[in-house]
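Engineer: Dropping in data.cif, with mmCIF, C-alpha atoms.
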```
data_protein
#
loop_
_atom_site.group_PDB
_atom_site.id
_atom_site.type_symbol
_atom_site.label_atom_id
_atom_site.label_comp_id
_atom_site.auth_asym_id
_atom_site.auth_seq_id
_atom_site.Cartn_x
_atom_site.Cartn_y
_atom_site.Cartn_z
ATOM 1 C CA MET A 1297 48.804 59.572 99.617
ATOM 2 C CA PRO A 1298 52.588 59.744 100.252
ATOM 3 C CA ASN A 1299 53.979 60.516 103.685
ATOM 4 C CA LYS A 1300 54.782 64.231 103.931
ATOM 5 C CA GLU A 1301 56.988 64.059 107.026
ATOM 6 C CA PRO A 1302 59.718 66.730 106.779
ATOM 7 C CA ILE A 1303 63.017 65.458 105.378
ATOM 8 C CA GLY A 1304 65.034 67.366 107.979
ATOM 9 C CA LYS A 1305 63.065 65.808 110.804
ATOM 10 C CA LEU A 1306 63.681 62.285 109.504
ATOM 11 C CA ILE A 1307 67.387 62.896 108.925
ATOM 12 C CA SER A 1308 67.725 64.428 112.387
ATOM 13 C CA TYR A 1309 65.956 61.488 114.046
ATOM 14 C CA ILE A 1310 68.093 58.933 112.201
ATOM 15 C CA HIS A 1311 71.251 60.853 113.091
ATOM 16 C CA ARG A 1312 70.379 61.108 116.796
ATOM 17 C CA GLN A 1313 69.533 57.409 117.068
ATOM 18 C CA ASN A 1314 72.693 56.424 115.231
ATOM 19 C CA GLN A 1315 74.822 58.697 117.437
ATOM 20 C CA LYS A 1316 73.316 57.171 120.586
ATOM 21 C CA ARG A 1317 74.107 53.684 119.335
ATOM 22 C CA LEU A 1318 77.652 54.675 118.349
ATOM 23 C CA ALA A 1319 78.287 56.411 121.679
ATOM 24 C CA LYS A 1320 77.288 53.238 123.515
ATOM 25 C CA GLU A 1321 79.498 51.015 121.357
ATOM 26 C CA LEU A 1322 82.500 53.368 121.413
ATOM 27 C CA ALA A 1323 82.313 54.127 125.160
ATOM 28 C CA PRO A 1324 84.531 51.163 126.152
ATOM 29 C CA TYR A 1325 87.290 52.699 124.009
ATOM 30 C CA GLY A 1326 86.918 56.155 125.566
ATOM 31 C CA ILE A 1327 85.764 57.659 122.287
ATOM 32 C CA GLY A 1328 82.954 60.060 123.044
ATOM 33 C CA GLY A 1329 80.313 61.894 121.104
ATOM 34 C CA GLY A 1330 80.562 65.067 119.105
ATOM 35 C CA GLY A 1331 81.818 63.186 116.094
ATOM 36 C CA GLN A 1332 85.084 62.126 117.747
ATOM 37 C CA HIS A 1333 85.016 58.901 115.750
ATOM 38 C CA SER A 1334 84.865 60.903 112.518
ATOM 39 C CA PHE A 1335 87.909 62.933 113.489
ATOM 40 C CA LEU A 1336 89.865 59.877 114.620
ATOM 41 C CA LYS A 1337 89.016 57.980 111.443
ATOM 42 C CA ALA A 1338 90.154 60.928 109.293
ATOM 43 C CA ILE A 1339 93.434 61.293 111.221
ATOM 44 C CA LEU A 1340 94.089 57.559 110.907
ATOM 45 C CA HIS A 1341 93.570 57.812 107.141
ATOM 46 C CA GLN A 1342 95.450 61.100 106.724
ATOM 47 C CA PRO A 1343 98.255 61.341 109.294
ATOM 48 C CA GLY A 1344 99.593 64.891 109.403
ATOM 49 C CA ILE A 1345 96.290 66.567 108.592
ATOM 50 C CA THR A 1346 95.709 69.972 110.196
ATOM 51 C CA GLN A 1347 92.793 70.959 112.386
ATOM 52 C CA GLU A 1348 91.639 73.437 109.739
ATOM 53 C CA GLN A 1349 91.699 70.745 107.059
ATOM 54 C CA LEU A 1350 89.639 68.463 109.315
ATOM 55 C CA THR A 1351 87.073 71.197 109.896
ATOM 56 C CA GLN A 1352 86.671 71.779 106.157
ATOM 57 C CA GLN A 1353 86.732 68.104 105.183
ATOM 58 C CA LEU A 1354 84.277 66.858 107.812
ATOM 59 C CA LYS A 1355 82.093 69.993 107.699
ATOM 60 C CA PHE A 1356 82.056 70.577 111.446
ATOM 61 C CA ASP A 1357 82.389 74.011 113.018
ATOM 62 C CA LYS A 1358 85.783 75.069 114.406
ATOM 63 C CA ALA A 1359 84.659 74.796 118.040
ATOM 64 C CA THR A 1360 83.475 71.193 117.622
ATOM 65 C CA THR A 1361 86.714 70.279 115.869
ATOM 66 C CA ALA A 1362 88.810 71.876 118.617
ATOM 67 C CA ARG A 1363 86.832 70.131 121.370
ATOM 68 C CA SER A 1364 87.035 66.733 119.708
ATOM 69 C CA ILE A 1365 90.758 67.043 118.991
ATOM 70 C CA LYS A 1366 91.416 68.075 122.588
ATOM 71 C CA GLN A 1367 89.449 65.062 123.883
ATOM 72 C CA LEU A 1368 91.135 62.628 121.497
ATOM 73 C CA GLU A 1369 94.524 63.968 122.547
ATOM 74 C CA ALA A 1370 93.621 63.671 126.263
ATOM 75 C CA SER A 1371 92.481 60.080 125.641
ATOM 76 C CA GLY A 1372 95.821 59.266 124.046
ATOM 77 C CA TYR A 1373 94.538 58.691 120.512
ATOM 78 C CA ILE A 1374 96.273 61.554 118.725
ATOM 79 C CA GLU A 1375 99.297 63.770 119.095
ATOM 80 C CA ARG A 1376 100.039 67.213 117.746
ATOM 81 C CA LYS A 1377 103.312 68.127 116.085
ATOM 82 C CA PRO A 1378 104.389 71.569 114.852
ATOM 83 C CA ASP A 1379 103.901 72.157 111.141
ATOM 84 C CA PRO A 1380 107.374 72.922 109.747
ATOM 85 C CA ASP A 1381 105.785 75.026 106.989
ATOM 86 C CA ASP A 1382 103.477 77.086 109.227
ATOM 87 C CA ARG A 1383 104.356 77.806 112.861
ATOM 88 C CA ARG A 1384 100.759 78.732 113.657
ATOM 89 C CA SER A 1385 99.531 75.306 112.618
ATOM 90 C CA GLN A 1386 99.913 71.849 114.138
ATOM 91 C CA LEU A 1387 99.807 68.518 112.370
ATOM 92 C CA LEU A 1388 97.691 65.738 113.860
ATOM 93 C CA TYR A 1389 98.933 62.161 114.015
ATOM 94 C CA PRO A 1390 97.423 58.951 115.349
ATOM 95 C CA THR A 1391 99.202 57.327 118.279
ATOM 96 C CA SER A 1392 99.930 53.625 118.607
ATOM 97 C CA LYS A 1393 96.787 53.418 120.765
ATOM 98 C CA ALA A 1394 94.727 54.763 117.857
ATOM 99 C CA LYS A 1395 96.315 52.316 115.442
ATOM 100 C CA GLU A 1396 95.540 49.445 117.810
ATOM 101 C CA VAL A 1397 91.841 50.381 118.065
ATOM 102 C CA GLN A 1398 91.485 51.087 114.322
ATOM 103 C CA PRO A 1399 90.114 47.611 113.412
ATOM 104 C CA GLN A 1400 87.467 47.814 116.160
ATOM 105 C CA LEU A 1401 86.560 51.376 115.155
ATOM 106 C CA HIS A 1402 86.077 50.338 111.531
ATOM 107 C CA ALA A 1403 84.051 47.292 112.560
ATOM 108 C CA ILE A 1404 81.736 49.406 114.735
ATOM 109 C CA LEU A 1405 81.252 52.032 112.018
ATOM 110 C CA ASP A 1406 80.690 49.391 109.337
ATOM 111 C CA GLU A 1407 78.111 47.638 111.517
ATOM 112 C CA SER A 1408 76.398 50.976 112.106
ATOM 113 C CA SER A 1409 76.080 51.478 108.347
ATOM 114 C CA ARG A 1410 74.723 47.957 107.903
ATOM 115 C CA THR A 1411 72.185 48.576 110.683
ATOM 116 C CA LEU A 1412 71.004 51.792 109.046
ATOM 117 C CA ALA A 1413 70.474 50.027 105.720
ATOM 118 C CA ARG A 1414 69.271 46.639 106.943
ATOM 119 C CA TYR A 1415 65.759 46.965 105.461
ATOM 120 C CA LEU A 1416 66.967 48.257 102.098
ATOM 121 C CA THR A 1417 67.681 46.224 99.002
ATOM 122 C CA PRO A 1418 71.094 46.884 97.410
ATOM 123 C CA GLU A 1419 69.339 48.992 94.772
ATOM 124 C CA GLU A 1420 67.469 51.009 97.415
ATOM 125 C CA HIS A 1421 70.721 51.483 99.332
ATOM 126 C CA ASN A 1422 72.438 52.898 96.246
ATOM 127 C CA GLN A 1423 69.414 55.077 95.490
ATOM 128 C CA LEU A 1424 69.338 56.414 99.058
ATOM 129 C CA ILE A 1425 73.026 57.346 98.918
ATOM 130 C CA SER A 1426 72.469 59.092 95.601
ATOM 131 C CA LEU A 1427 69.420 60.974 96.890
ATOM 132 C CA LEU A 1428 71.164 62.042 100.104
ATOM 133 C CA HIS A 1429 74.064 63.398 98.050
ATOM 134 C CA LYS A 1430 71.540 65.431 96.050
ATOM 135 C CA VAL A 1431 69.887 66.712 99.225
ATOM 136 C CA SER A 1432 73.302 67.662 100.631
ATOM 137 C CA LEU A 1433 73.960 69.867 97.584
ATOM 138 C CA ALA A 1434 71.322 72.279 98.858
ATOM 139 C CA GLN A 1435 73.402 72.794 101.995
ATOM 140 C CA LYS A 1436 76.387 73.939 99.932
ATOM 141 C CA ASP A 1437 74.300 76.814 98.584
ATOM 142 C CA GLU A 1438 73.805 78.209 102.085
#
```
Once more with this new file: its structure as structure tokens, please.

Structural biologist:
Amino acid sequence: MPNKEPIGKLISYIHRQNQKRLAKELAPYGIGGGGQHSFLKAILHQPGITQEQLTQQLKFDKATTARSIKQLEASGYIERKPDPDDRRSQLLYPTSKAKEVQPQLHAILDESSRTLARYLTPEEHNQLISLLHKVSLAQKDE
């Protein structure tokens, strides 16, 4: 008989364990929890992105985005510049400190992904990604 453990419970457990591991590995760089690494990675890849765009793209709530941006700015990883097209908005840019830590950040995140998939064959890995994308579609309906 197949295991009937709730999907949400398994995803939550995996997420919590992964976040603990990432927090430990990113601590020496002063990059904390709350998805700060996700925000920093996005800003490094899209300099000049707005806070609103980050919120929509990464699917975090506005409060989490604001908190993470404030912490990344205080840690010297990002800077805000006024948006010339919209005075109410600010554009987010990585600092030289962020650019210097980018290779280590990518290495840590890549290793985290490898750790999560270490017991999967390449085919199972691809299937898992596909299935998780399908599961995530249900969240868009909410």

Engineer: Report as a compact mmCIF listing (two decimals) with C-alpha atoms, keeping the file's coordinate frame all protein, DNA and RNA residues lying within 10 Å of range 1343-1349 of chain A, evaluated on all atoms listed in the file, omitting residues in the same chain fewer than 3 positions from it.

Structural biologist:
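Result file follows (part.txt):
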```txt
# COMPACT_ATOMS: atom_id res chain seq x y z
CA PHE A 1335 87.91 62.93 113.49
CA ALA A 1338 90.15 60.93 109.29
CA ILE A 1339 93.43 61.29 111.22
CA LEU A 1340 94.09 57.56 110.91
CA GLN A 1352 86.67 71.78 106.16
CA GLN A 1353 86.73 68.10 105.18
CA LEU A 1354 84.28 66.86 107.81
CA LYS A 1355 82.09 69.99 107.70
CA ASP A 1357 82.39 74.01 113.02
CA LYS A 1358 85.78 75.07 114.41
CA THR A 1361 86.71 70.28 115.87
CA ALA A 1362 88.81 71.88 118.62
CA ILE A 1365 90.76 67.04 118.99
CA ILE A 1374 96.27 61.55 118.72
CA GLU A 1375 99.30 63.77 119.10
CA ARG A 1376 100.04 67.21 117.75
CA LYS A 1377 103.31 68.13 116.08
CA PRO A 1378 104.39 71.57 114.85
CA ASP A 1379 103.90 72.16 111.14
CA SER A 1385 99.53 75.31 112.62
CA GLN A 1386 99.91 71.85 114.14
CA LEU A 1387 99.81 68.52 112.37
CA LEU A 1388 97.69 65.74 113.86
CA TYR A 1389 98.93 62.16 114.02
CA PRO A 1390 97.42 58.95 115.35
CA THR A 1391 99.20 57.33 118.28
```

Engineer: Which residues come within 12 Å of Gly1330 in chain A, counting all atoms listed in the file, excluding same-chain residues fewer than 4 positions away, as an MDAnalysis selection string?

Structural biologist: chainID A and resid 1311:1312 1315:1316 1318:1319 1334:1336 1356:1357 1359:1368

Engineer: Taking the file as I've supplied it (selection: the PyMOL selection byres ((chain A and resi 1408) around 12)), which residues are included? Please answer as a PDB file with C-alpha atoms, in the frame of the given file.

Structural biologist:
```
ATOM      1  CA  ILE A1310      68.093  58.933 112.201  1.00  0.00           C
ATOM      2  CA  HIS A1311      71.251  60.853 113.091  1.00  0.00           C
ATOM      3  CA  GLN A1313      69.533  57.409 117.068  1.00  0.00           C
ATOM      4  CA  ASN A1314      72.693  56.424 115.231  1.00  0.00           C
ATOM      5  CA  GLN A1315      74.822  58.697 117.437  1.00  0.00           C
ATOM      6  CA  LYS A1316      73.316  57.171 120.586  1.00  0.00           C
ATOM      7  CA  ARG A1317      74.107  53.684 119.335  1.00  0.00           C
ATOM      8  CA  LEU A1318      77.652  54.675 118.349  1.00  0.00           C
ATOM      9  CA  ALA A1319      78.287  56.411 121.679  1.00  0.00           C
ATOM     10  CA  LYS A1320      77.288  53.238 123.515  1.00  0.00           C
ATOM     11  CA  GLU A1321      79.498  51.015 121.357  1.00  0.00           C
ATOM     12  CA  LEU A1322      82.500  53.368 121.413  1.00  0.00           C
ATOM     13  CA  LEU A1401      86.560  51.376 115.155  1.00  0.00           C
ATOM     14  CA  HIS A1402      86.077  50.338 111.531  1.00  0.00           C
ATOM     15  CA  ALA A1403      84.051  47.292 112.560  1.00  0.00           C
ATOM     16  CA  ILE A1404      81.736  49.406 114.735  1.00  0.00           C
ATOM     17  CA  LEU A1405      81.252  52.032 112.018  1.00  0.00           C
ATOM     18  CA  ASP A1406      80.690  49.391 109.337  1.00  0.00           C
ATOM     19  CA  GLU A1407      78.111  47.638 111.517  1.00  0.00           C
ATOM     20  CA  SER A1409      76.080  51.478 108.347  1.00  0.00           C
ATOM     21  CA  ARG A1410      74.723  47.957 107.903  1.00  0.00           C
ATOM     22  CA  THR A1411      72.185  48.576 110.683  1.00  0.00           C
ATOM     23  CA  LEU A1412      71.004  51.792 109.046  1.00  0.00           C
ATOM     24  CA  ALA A1413      70.474  50.027 105.720  1.00  0.00           C
ATOM     25  CA  ARG A1414      69.271  46.639 106.943  1.00  0.00           C
TER      26      ARG A1414
END
```

Engineer: If I take CA of Tyr1373 in chain A and CA of Ala1394 in chain A, how far is one from the other in Å, to one decimal?

Structural biologist: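 Atom-to-atom, CA of Tyr1373 in chain A and CA of Ala1394 in chain A are spaced 4.7 Å apart.
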
Engineer: For CA of Tyr1415 in chain A and CA of Lys1430 in chain A, quote the distance in Å rounded to one decimal.

Structural biologist: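 Separating CA of Tyr1415 in chain A from CA of Lys1430 in chain A is a distance of 21.5 Å.
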
Engineer: Kindly compute an axis-aligned box around the listed atoms of range 1313-1331 of chain A, allowing 6 Å on each side, and express its centre and edge lengths in Å to one decimal as JSON.

Structural biologist:
```
{"center_x": 78.4, "center_y": 58.0, "center_z": 120.7, "size_x": 29.8, "size_y": 26.1, "size_z": 22.9}
```

Engineer: Kindly give the distance, in Å, that separates CA of Leu1306 in chain A and CA of Gln1400 in chain A, rounded to a single decimal.

Structural biologist: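 Here the two named atoms are 28.6 Å from each other.
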
Engineer: Given all atoms listed in the file as the basis, pick out the residue of A:Thr1351, A:Gln1398, A:Asn1299, A:Gln1423 nearest to Lys1337 in chain A.

Structural biologist: A:Gln1398

Engineer: For His1333 in chain A, which residue out of A:Ala1370, A:Ile1425, A:Val1397, A:Ile1303 is the nearest one, using all atoms listed in the file?

Structural biologist: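 Once distances to His1333 in chain A are computed over all atoms listed in the file, the minimum belongs to A:Val1397.
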
Engineer: So that I can see what lies close to Gln1435 in chain A, please list as a ChimeraX atom specification the residues with an atom at most 12 Å from it, counting only C-alpha atoms and leaving out residues fewer than 6 positions away in the same chain.

Structural biologist: /A:1304,1355,1428-1429

Engineer: Give the answer as one residue: which of A:Leu1350, A:Pro1399, A:Gly1326, A:Arg1384 has the shortest atom-to-atom distance to Gly1372 in chain A, using all atoms listed in the file?

Structural biologist: A:Gly1326

Engineer: Compare A:Lys1395, A:Pro1324, A:Asp1382, A:Tyr1309 by their minimum atom-to-atom distance to His1341 in chain A, counting all atoms listed in the file, and give me the closest one.

Structural biologist: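 Once distances to His1341 in chain A are computed over all atoms listed in the file, the minimum belongs to A:Lys1395.
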